[in-house]
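Dropping input_31.cif in here (mmCIF, C-alpha atoms and all ligand atoms; chains and numbers go by the auth columns):
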data_my_file
loop_
_atom_site.group_PDB
_atom_site.id
_atom_site.type_symbol
_atom_site.label_atom_id
_atom_site.label_comp_id
_atom_site.label_asym_id
_atom_site.label_seq_id
_atom_site.Cartn_x
_atom_site.Cartn_y
_atom_site.Cartn_z
_atom_site.B_iso_or_equiv
_atom_site.auth_seq_id
_atom_site.auth_asym_id
ATOM 1 C CA MET A 1 111.320 238.566 190.326 0.00 257 A
ATOM 2 C CA LYS A 2 110.632 235.186 188.695 0.00 258 A
ATOM 3 C CA ASN A 3 109.642 233.639 191.985 0.00 259 A
ATOM 4 C CA THR A 4 106.615 235.817 192.701 0.00 260 A
ATOM 5 C CA VAL A 5 103.544 235.022 190.621 0.00 261 A
ATOM 6 C CA ILE A 6 100.122 236.659 190.530 0.00 262 A
ATOM 7 C CA TYR A 7 96.837 234.761 190.165 0.00 263 A
ATOM 8 C CA PRO A 8 94.164 237.388 189.443 0.00 264 A
ATOM 9 C CA GLY A 9 90.476 236.648 189.536 0.00 265 A
ATOM 10 C CA THR A 10 87.076 237.581 190.833 0.00 266 A
ATOM 11 C CA PHE A 11 86.854 234.513 193.085 0.00 267 A
ATOM 12 C CA ASP A 12 83.108 234.975 193.663 0.00 268 A
ATOM 13 C CA PRO A 13 83.463 232.768 195.615 0.00 269 A
ATOM 14 C CA ILE A 14 86.578 230.596 195.863 0.00 270 A
ATOM 15 C CA THR A 15 85.837 226.958 194.937 0.00 271 A
ATOM 16 C CA TYR A 16 87.675 223.625 195.123 0.00 272 A
ATOM 17 C CA GLY A 17 88.582 224.344 191.480 0.00 273 A
ATOM 18 C CA HIS A 18 90.502 227.486 192.438 0.00 274 A
ATOM 19 C CA LEU A 19 92.060 225.759 195.462 0.00 275 A
ATOM 20 C CA ASP A 20 93.379 222.972 193.233 0.00 276 A
ATOM 21 C CA ILE A 21 95.204 225.558 191.101 0.00 277 A
ATOM 22 C CA ILE A 22 96.361 227.594 194.136 0.00 278 A
ATOM 23 C CA GLU A 23 97.875 224.578 195.909 0.00 279 A
ATOM 24 C CA ARG A 24 99.670 223.405 192.771 0.00 280 A
ATOM 25 C CA VAL A 25 101.038 226.871 191.980 0.00 281 A
ATOM 26 C CA ALA A 26 102.110 227.450 195.602 0.00 282 A
ATOM 27 C CA SER A 27 104.086 224.203 195.488 0.00 283 A
ATOM 28 C CA ILE A 28 106.094 225.421 192.483 0.00 284 A
ATOM 29 C CA PHE A 29 106.774 229.120 193.129 0.00 285 A
ATOM 30 C CA ASP A 30 108.211 230.937 196.144 0.00 286 A
ATOM 31 C CA THR A 31 105.349 233.412 196.529 0.00 287 A
ATOM 32 C CA LEU A 32 101.850 233.390 195.112 0.00 288 A
ATOM 33 C CA ILE A 33 99.804 236.576 195.338 0.00 289 A
ATOM 34 C CA LEU A 34 96.070 236.088 194.868 0.00 290 A
ATOM 35 C CA ALA A 35 94.786 239.349 193.388 0.00 291 A
ATOM 36 C CA VAL A 36 91.079 239.662 194.087 0.00 292 A
ATOM 37 C CA SER A 37 89.352 242.014 191.689 0.00 293 A
ATOM 38 C CA CYS A 38 87.383 244.823 193.378 0.00 294 A
ATOM 39 C CA SER A 39 86.132 246.223 190.099 0.00 295 A
ATOM 40 C CA SER A 40 85.208 243.160 188.097 0.00 296 A
ATOM 41 C CA HIS A 41 82.716 243.563 185.264 0.00 297 A
ATOM 42 C CA LYS A 42 80.825 240.765 187.008 0.00 298 A
ATOM 43 C CA LYS A 43 78.022 241.513 189.446 0.00 299 A
ATOM 44 C CA THR A 44 79.316 239.695 192.497 0.00 300 A
ATOM 45 C CA MET A 45 77.335 237.852 195.144 0.00 301 A
ATOM 46 C CA PHE A 46 80.064 238.341 197.767 0.00 302 A
ATOM 47 C CA SER A 47 81.699 241.685 198.576 0.00 303 A
ATOM 48 C CA VAL A 48 85.421 241.974 198.024 0.00 304 A
ATOM 49 C CA THR A 49 85.924 241.889 201.801 0.00 305 A
ATOM 50 C CA GLU A 50 83.945 238.632 202.028 0.00 306 A
ATOM 51 C CA ARG A 51 85.813 237.097 199.084 0.00 307 A
ATOM 52 C CA ILE A 52 89.207 238.002 200.548 0.00 308 A
ATOM 53 C CA GLN A 53 88.217 236.698 203.976 0.00 309 A
ATOM 54 C CA LEU A 54 87.072 233.342 202.517 0.00 310 A
ATOM 55 C CA ILE A 55 90.253 232.966 200.456 0.00 311 A
ATOM 56 C CA LYS A 56 92.439 233.782 203.468 0.00 312 A
ATOM 57 C CA GLU A 57 90.582 231.187 205.529 0.00 313 A
ATOM 58 C CA GLU A 58 90.990 228.496 202.865 0.00 314 A
ATOM 59 C CA THR A 59 94.656 229.219 202.113 0.00 315 A
ATOM 60 C CA LYS A 60 95.900 229.687 205.672 0.00 316 A
ATOM 61 C CA HIS A 61 97.745 226.338 205.468 0.00 317 A
ATOM 62 C CA LEU A 62 99.895 227.738 202.622 0.00 318 A
ATOM 63 C CA ASN A 63 102.537 230.044 204.095 0.00 319 A
ATOM 64 C CA ASN A 64 103.681 231.423 200.735 0.00 320 A
ATOM 65 C CA VAL A 65 100.249 232.650 199.648 0.00 321 A
ATOM 66 C CA ILE A 66 99.284 236.323 200.033 0.00 322 A
ATOM 67 C CA VAL A 67 95.760 237.619 199.360 0.00 323 A
ATOM 68 C CA LYS A 68 95.144 241.210 198.229 0.00 324 A
ATOM 69 C CA GLY A 69 92.298 243.171 196.664 0.00 325 A
ATOM 70 C CA PHE A 70 92.968 245.278 193.610 0.00 326 A
ATOM 71 C CA SER A 71 91.288 247.610 191.177 0.00 327 A
ATOM 72 C CA GLY A 72 92.632 248.878 187.887 0.00 328 A
ATOM 73 C CA LEU A 73 94.741 246.875 185.501 0.00 329 A
ATOM 74 C CA THR A 74 96.179 243.499 186.421 0.00 330 A
ATOM 75 C CA ILE A 75 99.509 244.435 184.817 0.00 331 A
ATOM 76 C CA ASP A 76 99.804 247.478 187.103 0.00 332 A
ATOM 77 C CA PHE A 77 99.171 245.263 190.106 0.00 333 A
ATOM 78 C CA ALA A 78 101.881 242.889 188.832 0.00 334 A
ATOM 79 C CA LYS A 79 104.363 245.756 188.343 0.00 335 A
ATOM 80 C CA ASP A 80 103.574 247.148 191.812 0.00 336 A
ATOM 81 C CA HIS A 81 104.412 243.724 193.245 0.00 337 A
ATOM 82 C CA ASN A 82 107.595 243.236 191.194 0.00 338 A
ATOM 83 C CA SER A 83 106.212 240.319 189.245 0.00 339 A
ATOM 84 C CA ASN A 84 105.904 239.650 185.542 0.00 340 A
ATOM 85 C CA ILE A 85 104.175 236.284 185.778 0.00 341 A
ATOM 86 C CA LEU A 86 100.419 235.790 185.799 0.00 342 A
ATOM 87 C CA ILE A 87 98.674 232.505 186.514 0.00 343 A
ATOM 88 C CA ARG A 88 95.378 231.648 184.865 0.00 344 A
ATOM 89 C CA SER A 89 93.404 228.457 184.480 0.00 345 A
ATOM 90 C CA ILE A 90 91.820 227.108 181.322 0.00 346 A
ATOM 91 C CA ARG A 91 89.094 224.524 181.790 0.00 347 A
ATOM 92 C CA SER A 92 87.994 224.095 178.222 0.00 348 A
ATOM 93 C CA ILE A 93 88.145 225.473 174.711 0.00 349 A
ATOM 94 C CA LEU A 94 85.509 228.025 175.776 0.00 350 A
ATOM 95 C CA ASP A 95 87.929 229.498 178.327 0.00 351 A
ATOM 96 C CA PHE A 96 90.737 229.435 175.759 0.00 352 A
ATOM 97 C CA GLU A 97 89.233 232.117 173.479 0.00 353 A
ATOM 98 C CA TYR A 98 88.733 234.497 176.419 0.00 354 A
ATOM 99 C CA GLU A 99 92.148 233.812 177.942 0.00 355 A
ATOM 100 C CA HIS A 100 93.887 234.149 174.591 0.00 356 A
ATOM 101 C CA ASN A 101 92.375 237.601 174.140 0.00 357 A
ATOM 102 C CA MET A 102 93.303 238.674 177.675 0.00 358 A
ATOM 103 C CA PHE A 103 96.840 237.321 177.131 0.00 359 A
ATOM 104 C CA ASN A 104 97.193 239.418 173.968 0.00 360 A
ATOM 105 C CA ILE A 105 95.917 242.608 175.626 0.00 361 A
ATOM 106 C CA ASN A 106 98.085 242.154 178.707 0.00 362 A
ATOM 107 C CA ASN A 107 101.178 241.419 176.606 0.00 363 A
ATOM 108 C CA HIS A 108 100.524 244.459 174.476 0.00 364 A
ATOM 109 C CA LEU A 109 100.437 246.572 177.637 0.00 365 A
ATOM 110 C CA MET A 110 103.455 244.923 179.317 0.00 366 A
ATOM 111 C CA ASN A 111 105.735 243.168 176.895 0.00 367 A
ATOM 112 C CA ASN A 112 107.844 241.214 179.370 0.00 368 A
ATOM 113 C CA LEU A 113 104.722 239.718 180.948 0.00 369 A
ATOM 114 C CA GLU A 114 104.323 235.941 180.940 0.00 370 A
ATOM 115 C CA THR A 115 101.078 234.109 181.618 0.00 371 A
ATOM 116 C CA ILE A 116 101.256 230.498 182.743 0.00 372 A
ATOM 117 C CA PHE A 117 98.079 228.495 182.164 0.00 373 A
ATOM 118 C CA PHE A 118 97.101 225.596 184.383 0.00 374 A
ATOM 119 C CA LEU A 119 94.599 222.890 183.466 0.00 375 A
ATOM 120 C CA PRO A 120 92.372 221.894 186.382 0.00 376 A
ATOM 121 C CA SER A 121 92.525 218.408 187.820 0.00 377 A
ATOM 122 C CA PRO A 122 90.024 216.357 185.739 0.00 378 A
ATOM 123 C CA GLN A 123 87.480 215.854 188.517 0.00 379 A
ATOM 124 C CA LEU A 124 87.296 219.667 188.992 0.00 380 A
ATOM 125 C CA SER A 125 87.274 220.765 185.373 0.00 381 A
ATOM 126 C CA PHE A 126 83.544 221.536 185.200 0.00 382 A
ATOM 127 C CA ILE A 127 83.359 223.762 188.303 0.00 383 A
ATOM 128 C CA SER A 128 82.654 227.476 187.908 0.00 384 A
ATOM 129 C CA SER A 129 81.682 230.060 190.494 0.00 385 A
ATOM 130 C CA SER A 130 78.619 231.149 188.489 0.00 386 A
ATOM 131 C CA GLY A 131 77.521 227.523 187.998 0.00 387 A
ATOM 132 C CA ILE A 132 77.639 226.983 191.755 0.00 388 A
ATOM 133 C CA LYS A 133 75.653 230.182 192.364 0.00 389 A
ATOM 134 C CA LYS A 134 72.996 229.006 189.912 0.00 390 A
ATOM 135 C CA ILE A 135 72.690 225.606 191.593 0.00 391 A
ATOM 136 C CA PHE A 136 72.417 227.361 194.991 0.00 392 A
ATOM 137 C CA LYS A 137 69.754 229.748 193.706 0.00 393 A
ATOM 138 C CA HIS A 138 67.611 226.801 192.650 0.00 394 A
ATOM 139 C CA GLY A 139 68.084 224.959 195.926 0.00 395 A
ATOM 140 C CA GLY A 140 70.577 222.341 194.697 0.00 396 A
ATOM 141 C CA ASP A 141 73.382 220.788 196.742 0.00 397 A
ATOM 142 C CA ILE A 142 76.637 222.737 196.299 0.00 398 A
ATOM 143 C CA SER A 143 78.535 221.241 199.233 0.00 399 A
ATOM 144 C CA SER A 144 80.837 219.091 197.078 0.00 400 A
ATOM 145 C CA PHE A 145 82.135 222.095 195.084 0.00 401 A
ATOM 146 C CA ILE A 146 83.194 224.428 197.879 0.00 402 A
ATOM 147 C CA PRO A 147 84.911 224.288 201.272 0.00 403 A
ATOM 148 C CA LYS A 148 82.821 224.429 204.443 0.00 404 A
ATOM 149 C CA SER A 149 83.526 228.099 205.210 0.00 405 A
ATOM 150 C CA VAL A 150 82.238 229.052 201.759 0.00 406 A
ATOM 151 C CA PHE A 151 79.181 226.852 202.205 0.00 407 A
ATOM 152 C CA ILE A 152 78.422 228.664 205.469 0.00 408 A
ATOM 153 C CA ALA A 153 78.848 232.020 203.708 0.00 409 A
ATOM 154 C CA PHE A 154 76.337 230.883 201.074 0.00 410 A
ATOM 155 C CA CYS A 155 73.857 229.846 203.758 0.00 411 A
ATOM 156 C CA LYS A 156 74.062 233.353 205.280 0.00 412 A
ATOM 157 C CA LYS A 157 72.930 234.780 201.920 0.00 413 A
ATOM 158 C CA LYS A 158 69.637 232.895 202.029 0.00 414 A
HETATM 159 N N1 LIG B . 88.481 226.161 188.888 0.00 501 A
HETATM 160 C C1 LIG B . 87.320 226.766 189.125 0.00 501 A
HETATM 161 N N2 LIG B . 86.837 227.759 188.386 0.00 501 A
HETATM 162 C C2 LIG B . 87.605 228.152 187.370 0.00 501 A
HETATM 163 C C3 LIG B . 88.816 227.567 187.069 0.00 501 A
HETATM 164 C C4 LIG B . 89.243 226.522 187.881 0.00 501 A
HETATM 165 N N3 LIG B . 90.405 225.909 187.652 0.00 501 A
HETATM 166 N N4 LIG B . 89.329 228.167 186.007 0.00 501 A
HETATM 167 C C5 LIG B . 88.480 229.105 185.655 0.00 501 A
HETATM 168 N N5 LIG B . 87.423 229.084 186.485 0.00 501 A
HETATM 169 C C6 LIG B . 86.208 229.904 186.406 0.00 501 A
HETATM 170 C C7 LIG B . 85.948 230.796 187.546 0.00 501 A
HETATM 171 O O1 LIG B . 85.201 230.113 188.538 0.00 501 A
HETATM 172 C C8 LIG B . 85.154 231.872 186.882 0.00 501 A
HETATM 173 O O2 LIG B . 83.852 231.392 186.728 0.00 501 A
HETATM 174 P P1 LIG B . 82.583 232.356 186.589 0.00 501 A
HETATM 175 O O3 LIG B . 82.783 233.136 185.331 0.00 501 A
HETATM 176 O O4 LIG B . 81.499 231.396 186.538 0.00 501 A
HETATM 177 O O5 LIG B . 82.574 233.221 187.801 0.00 501 A
HETATM 178 C C9 LIG B . 85.792 231.967 185.512 0.00 501 A
HETATM 179 O O6 LIG B . 86.337 230.702 185.268 0.00 501 A
HETATM 180 C C10 LIG B . 86.936 232.921 185.414 0.00 501 A
HETATM 181 O O7 LIG B . 86.784 233.928 186.328 0.00 501 A
HETATM 182 P P2 LIG B . 87.977 234.618 187.074 0.00 501 A
HETATM 183 O O8 LIG B . 89.161 233.734 187.215 0.00 501 A
HETATM 184 O O9 LIG B . 87.429 235.189 188.282 0.00 501 A
HETATM 185 O O10 LIG B . 88.412 235.675 186.036 0.00 501 A
HETATM 186 P P3 LIG B . 87.592 236.792 185.350 0.00 501 A
HETATM 187 O O11 LIG B . 87.284 236.347 183.999 0.00 501 A
HETATM 188 O O12 LIG B . 86.470 237.228 186.214 0.00 501 A
HETATM 189 O O13 LIG B . 88.703 237.904 185.254 0.00 501 A
HETATM 190 C C11 LIG B . 90.307 239.375 186.117 0.00 501 A
HETATM 191 C C12 LIG B . 89.092 238.548 186.392 0.00 501 A
HETATM 192 C C13 LIG B . 90.573 240.118 187.393 0.00 501 A
HETATM 193 C C14 LIG B . 91.517 238.518 185.800 0.00 501 A
HETATM 194 C C15 LIG B . 90.074 240.324 184.912 0.00 501 A
HETATM 195 O O14 LIG B . 88.782 240.873 184.975 0.00 501 A
HETATM 196 C C16 LIG B . 91.072 241.459 184.917 0.00 501 A
HETATM 197 O O15 LIG B . 92.229 241.273 184.537 0.00 501 A
HETATM 198 N N6 LIG B . 90.631 242.625 185.391 0.00 501 A
HETATM 199 C C17 LIG B . 91.475 243.802 185.534 0.00 501 A
HETATM 200 C C18 LIG B . 91.404 244.693 184.318 0.00 501 A
HETATM 201 C C19 LIG B . 92.403 244.229 183.323 0.00 501 A
HETATM 202 O O16 LIG B . 93.589 244.330 183.537 0.00 501 A
HETATM 203 N N7 LIG B . 91.905 243.690 182.215 0.00 501 A
HETATM 204 C C20 LIG B . 92.754 243.139 181.192 0.00 501 A
HETATM 205 C C21 LIG B . 92.976 244.120 180.109 0.00 501 A
HETATM 206 S S1 LIG B . 91.458 244.675 179.374 0.00 501 A
#

Produce structure tokens that represent the structure in this file.
Ligand code: COA
Amino acid sequence: MKNTVIYPGTFDPITYGHLDIIERVASIFDTLILAVSCSSHKKTMFSVTERIQLIKEETKHLNNVIVKGFSGLTIDFAKDHNSNILIRSIRSILDFEYEHNMFNINNHLMNNLETIFFLPSPQLSFISSSGIKKIFKHGGDISSFIPKSVFIAFCKKK
């Protein structure tokens, strides 16, 4: 049970920031399940099918990473996959408040749940999916924040 961990997120879209965390987590645990939210409160640019496809493409070199869509509560997804460990990333004190609240709610709902927080590698600590979408919208260069397949997916949205 301890060796399967869940990294939930919207991943709209996956960035080098997420990949940094994914590669580090995959090197520590036996199995990493990336749980892609189908029902996020966020209005997404990419459909869940597109987001899953991009993540699969960018994680295909990691043979212990599984990508799945989910709706409903993250803790139910974790239970369904026999895991009690969530992975989240905190980039700054701004993320901390949000993550702390989510940690408390999740732990209230599932008391043997653990959340392990990763800090991003310093050069990636300012990347966010919405920041990249804003830069793209205004015609800026986003190629250094995302892998090529994601860049191509952005170009198709023009
Ligand atoms: N690298 C790059 N970006 C990072 C990052 C890193 N290391 N760490 C955080 N981020 C960014 C993401 O890019 C994203 O940016 P954005 O807001 O600009 O898009 C943001 O930080 C975090 O987004 P994400 O990881 O996708 O999480 P989320 O806040 O959208 O939450 C769920 C998604 C699925 C975890 C959450 O909505 C959830 O648990 N939903 C299910 C319902 C539930 O169980 N809720 C809890 C009880 S109420």

| Option closest in space to Ser348 (chain A), from A:Ser381, A:Ser327, A:Tyr263, A:Gly387 [counting only C-alpha atoms] |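 Ranked by minimum distance to Ser348 (chain A), first place goes to A:Ser381.
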
| Do you know which residues are within 7 Å of ligand LIG 501 (chain A) using all atoms listed in the file? Can you write them as a PyMOL selection string? | chain A and resi 264-268+271-274+276-277+292-293+296-298+327-331+344-347+358+361-362+375-376+380-381+383-387

Just write the chosen residues, C-alpha atoms, as a compact mmCIF listing (two decimals), in the coordinates of the input.
# COMPACT_ATOMS: atom_id res chain seq x y z
CA PRO A 264 94.16 237.39 189.44
CA GLY A 265 90.48 236.65 189.54
CA THR A 266 87.08 237.58 190.83
CA PHE A 267 86.85 234.51 193.08
CA ASP A 268 83.11 234.98 193.66
CA THR A 271 85.84 226.96 194.94
CA TYR A 272 87.68 223.62 195.12
CA GLY A 273 88.58 224.34 191.48
CA HIS A 274 90.50 227.49 192.44
CA ASP A 276 93.38 222.97 193.23
CA ILE A 277 95.20 225.56 191.10
CA VAL A 292 91.08 239.66 194.09
CA SER A 293 89.35 242.01 191.69
CA SER A 296 85.21 243.16 188.10
CA HIS A 297 82.72 243.56 185.26
CA LYS A 298 80.82 240.76 187.01
CA SER A 327 91.29 247.61 191.18
CA GLY A 328 92.63 248.88 187.89
CA LEU A 329 94.74 246.88 185.50
CA THR A 330 96.18 243.50 186.42
CA ILE A 331 99.51 244.44 184.82
CA ARG A 344 95.38 231.65 184.86
CA SER A 345 93.40 228.46 184.48
CA ILE A 346 91.82 227.11 181.32
CA ARG A 347 89.09 224.52 181.79
CA MET A 358 93.30 238.67 177.68
CA ILE A 361 95.92 242.61 175.63
CA ASN A 362 98.08 242.15 178.71
CA LEU A 375 94.60 222.89 183.47
CA PRO A 376 92.37 221.89 186.38
CA LEU A 380 87.30 219.67 188.99
CA SER A 381 87.27 220.76 185.37
CA ILE A 383 83.36 223.76 188.30
CA SER A 384 82.65 227.48 187.91
CA SER A 385 81.68 230.06 190.49
CA SER A 386 78.62 231.15 188.49
CA GLY A 387 77.52 227.52 188.00

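Proximity ranking of A:Phe326, A:Met301, A:Asn368, A:Ile341 relative to Thr287 (chain A) places A:Ile341 first, based on all atoms listed in the file.
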
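For the set A:Ala334, A:Cys294, A:Ala282, A:Leu342, the residue with the smallest atom-to-atom gap to Glu306 (chain A) is A:Cys294, counting only C-alpha atoms.
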
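Between Pro269 (chain A) and the candidates A:Asp336, A:Glu314, A:Asp286, A:Asp397, the tightest atom-to-atom separation, counting only C-alpha atoms, involves A:Glu314.
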
| Which is closer to Leu275 (chain A) than all the others in A:Lys312, A:His356, A:Lys335, A:Lys414, using all atoms listed in the file? |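 Answer, going by the shortest atom-to-atom distance: A:Lys312.
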
| Who sits within 10 Å of Ile289 (chain A), only C-alpha atoms, same chain under 4 positions skipped, as a list in words | Thr260, Val261, Ile262, Tyr263, Pro264, Ile278, Ala282, Asn320, Val321, Ile322, Val323, Lys324, Ala334, His337, Ser339, Leu342 and Ile343 of chain A

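You can rank A:Leu290, A:Thr300, A:Asn259, A:Ser295 by their closest distance to Asn340 (chain A) using all atoms listed in the file, and at the top of that list sits A:Asn259.
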
| said: Between CA of Ala409 (chain A) and CA of Leu310 (chain A), what is the distance in Å, rounded to a tenth? | reply: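 Going from CA of Ala409 (chain A) over to CA of Leu310 (chain A), I get 8.4 Å.
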